[in-house]
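These notes concern the structure reproduced below.
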Amino acid sequence: MRKKDIPIKVDYDKCTSPEDCKICLNVCQPALLILTFTDKDYHDPKDWKIVPAFPTLCIRCNLCVEQCPQNAISVSVK
Amino acid sequence: MCKYCMRHGANGKWYLNAKNYLTKESEKFEDVKDYMEVLWGNMERLYLAKAKGARLNKVFELATSPVLGEEVKRLFDKSIEKTIDLNPDPRIAEGHVGQVIPLEEAKIITMDLADVNIKAMCHCKYKHRGIKQATCLGFTAVAEMLPKLPRYIPEKGVEILDADKVESFLENMNQKGMVHTVFAGPIPYVASVCSCDYPNCIALRTRLDFGVNSVLKAEYVAVIDPNKCIGCKKCASRCQFGALQFSPVLNRPIIDVKRCFGCGLCKESCEENAIKLVDRDGIPIIRGKY
């Protein structure tokens with residue numbers, strides 16, 4: 001799968017504190033979104049990010065898009 | 001017997017071989033401790049770690065493709081079989097293979113073979129679901145390196161479990177419907193016994209979704225005795241692998257041995273003892289398929 005085909009995008013300008021929210025992790029049915037750390041400081045979960053690890057598993061249920069309080073996630077319908 | 005039992009089991013199962021349990025005096029102990037520290041320290045980033053220039057999540061997705069997939073799976077098998085002498089890379093979990101085990105064997109491992117049982121947070125459940133649960137039991141090497149990784153320490157603090165507590169802990173996990181798995185770090189040394197559930201477990205998710213051998217099936221399969229079954233359906237909700245299906249026509253479950261991982265969760269829920277675990281190698285169609 002090429003990079004431009006990835007159907008799930010997380011806007012990190014809007015999703016600033018995933019550690020306190022974690023709603024998308026809870027609602028995702030195939031559990032393809034993961035909370036993972038950036039390269040710098042992995043001991044502090046405050047710096048971790050939501051990353052769509054396996055976009056090919058997405059079932060397009062749109063639960064994460066609907067439930068996100070910041071409207072930070074977008075899923076293309078392709 | 002699985003391939004790891006043949007190599008490291010000394011005519012038995014690799015996780016029941018006392019040689020594969022490290023003590024602090026062991027020659028390899030420091031190497032294994034360092035390996036475990038880097039492995040657990042980078043576990044949340046595992047899907048995004050780079051193996052030979054490609055991110056692991058892309059490698060896993062490639063494993064489902066029809067032609068290239070077989071080669072990817074072969075390379076993955078080669079990397080996960082690395083022992084400590086071959087310098088496994090803990091950042092991409094080389095040598096960190098797992099196997100599903102039934103409850104009885106989880107009890108033997110934790111109560112008889114391991115000298116320390118330390119409770120640790122599950123990184124898989126946290127990274128997939130944001131849920132903090134102390135469902136893992138680490139042994140000597142884990143107990144030594146755990147204080148350096150504060151996010152794995154449960155809220156109540158470091159807890160070392162004695163035999164009675166371990167038994168009730170494992171039974172509690174089983175009742176909740178968690179699959180017991182034993183993990184090597186690196187193979188053949190036994191590092192931890194975890195309580196996993198699909199899809200919130202790195203190993204079960206990669207095995208079931210992408211077909212790579214990150215976790216092997218147990219040495220057993222579940223077989224049902226149709227005469228004893230009373231059709232109470234208690235086992236029906238327990239199977240995580242899609243192997244046990246309750247048939248309304250027969251009023252008893254049917255077990256697909258090809259899908260069965262041999263975790264024994266259905267067996268534990270059966271009050272009539274209608275389900276038993278038999279040796280995987282005794283059934284021709286799945287002999288040697290782990």
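Each chain in the structure tokens gets a letter, A, B and so on, in the order shown; residues start at 1 in every chain, and ligands are counted from 1 in the order they appear.
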
- Looking only at strand (DSSP E) from DSSP on the backbone, list the matching residues of chain A as number ranges by chain. A: 8-10, 33-36, 49-52, 73-75

- Task: Within 10 Å of chain B, which residues of chain A are there when counting only C-alpha atoms? Please give them as number ranges by chain.
- Result: A: 1, 18-39, 42-45, 48, 50-57

- Message: I'd like the contact shell of segment 274-281 of chain B - 12 Å cut-off, only C-alpha atoms, skipping same-chain residues fewer than 2 positions apart - returned as a PyMOL selection string.
- Response: chain B and resi 1-2+101-104+217-235+244+252-255+257-272+283-290

- Task: Return as a PyMOL selection string the full set of residues in segment 71-152 of chain B whose backbone-based DSSP assignment is alpha helix (DSSP H).
- Result: chain B and resi 71-80+103-107+123-129+140-145

Restricting the output to N, CA and C atoms, write the selected residues as a tab-separated table (two decimals), in the first residue's frame.
```tsv
chain	number	residue	atom	x	y	z
B	71	GLU	N	7.64	-15.23	1.47
B	71	GLU	CA	9.02	-14.85	1.72
B	71	GLU	C	9.13	-14.00	2.98
B	72	VAL	N	8.17	-13.08	3.15
B	72	VAL	CA	8.16	-12.24	4.35
B	72	VAL	C	8.02	-13.10	5.59
B	73	LYS	N	7.11	-14.09	5.53
B	73	LYS	CA	6.90	-14.96	6.68
B	73	LYS	C	8.15	-15.78	6.99
B	74	ARG	N	8.86	-16.20	5.93
B	74	ARG	CA	10.08	-16.99	6.12
B	74	ARG	C	11.15	-16.13	6.81
B	75	LEU	N	11.30	-14.89	6.35
B	75	LEU	CA	12.27	-13.99	6.96
B	75	LEU	C	11.91	-13.67	8.40
B	76	PHE	N	10.59	-13.51	8.64
B	76	PHE	CA	10.14	-13.22	10.01
B	76	PHE	C	10.47	-14.40	10.93
B	77	ASP	N	10.21	-15.63	10.45
B	77	ASP	CA	10.53	-16.83	11.24
B	77	ASP	C	12.01	-16.87	11.59
B	78	LYS	N	12.82	-16.50	10.59
B	78	LYS	CA	14.27	-16.55	10.79
B	78	LYS	C	14.69	-15.55	11.87
B	79	SER	N	14.05	-14.36	11.85
B	79	SER	CA	14.47	-13.34	12.80
B	79	SER	C	13.96	-13.64	14.21
B	80	ILE	N	12.79	-14.26	14.32
B	80	ILE	CA	12.25	-14.47	15.66
B	80	ILE	C	12.85	-15.69	16.34
B	103	LEU	N	-3.98	-23.57	31.27
B	103	LEU	CA	-3.85	-23.08	32.64
B	103	LEU	C	-2.91	-23.94	33.50
B	104	GLU	N	-3.00	-25.26	33.34
B	104	GLU	CA	-2.18	-26.15	34.19
B	104	GLU	C	-0.70	-25.88	33.98
B	105	GLU	N	-0.32	-25.68	32.71
B	105	GLU	CA	1.10	-25.47	32.45
B	105	GLU	C	1.55	-24.08	32.90
B	106	ALA	N	0.64	-23.10	32.81
B	106	ALA	CA	0.97	-21.77	33.33
B	106	ALA	C	1.24	-21.87	34.83
B	107	LYS	N	0.48	-22.73	35.52
B	107	LYS	CA	0.69	-22.90	36.96
B	107	LYS	C	2.02	-23.59	37.23
B	123	HIS	N	1.85	-3.94	28.34
B	123	HIS	CA	2.06	-2.84	27.40
B	123	HIS	C	1.13	-2.97	26.20
B	124	CYS	N	0.76	-4.19	25.85
B	124	CYS	CA	-0.11	-4.38	24.68
B	124	CYS	C	-1.47	-3.73	24.90
B	125	LYS	N	-2.07	-4.00	26.07
B	125	LYS	CA	-3.41	-3.46	26.33
B	125	LYS	C	-3.36	-1.94	26.42
B	126	TYR	N	-2.23	-1.42	26.94
B	126	TYR	CA	-2.12	0.03	27.04
B	126	TYR	C	-1.95	0.66	25.67
B	127	LYS	N	-1.12	0.06	24.84
B	127	LYS	CA	-0.87	0.70	23.55
B	127	LYS	C	-2.05	0.54	22.59
B	128	HIS	N	-2.79	-0.57	22.69
B	128	HIS	CA	-3.92	-0.76	21.80
B	128	HIS	C	-5.18	-0.07	22.28
B	129	ARG	N	-5.40	-0.08	23.61
B	129	ARG	CA	-6.69	0.38	24.14
B	129	ARG	C	-6.57	1.47	25.18
B	140	THR	N	12.82	-13.80	36.59
B	140	THR	CA	14.02	-13.19	37.18
B	140	THR	C	14.55	-11.98	36.41
B	141	ALA	N	14.77	-12.13	35.09
B	141	ALA	CA	15.37	-11.03	34.33
B	141	ALA	C	14.45	-9.81	34.31
B	142	VAL	N	13.14	-10.06	34.20
B	142	VAL	CA	12.17	-8.96	34.21
B	142	VAL	C	12.16	-8.27	35.56
B	143	ALA	N	12.19	-9.07	36.63
B	143	ALA	CA	12.16	-8.50	37.98
B	143	ALA	C	13.36	-7.61	38.23
B	144	GLU	N	14.51	-7.96	37.63
B	144	GLU	CA	15.72	-7.17	37.83
B	144	GLU	C	15.67	-5.85	37.08
B	145	MET	N	15.09	-5.85	35.87
B	145	MET	CA	15.16	-4.63	35.06
B	145	MET	C	13.92	-3.75	35.21
```
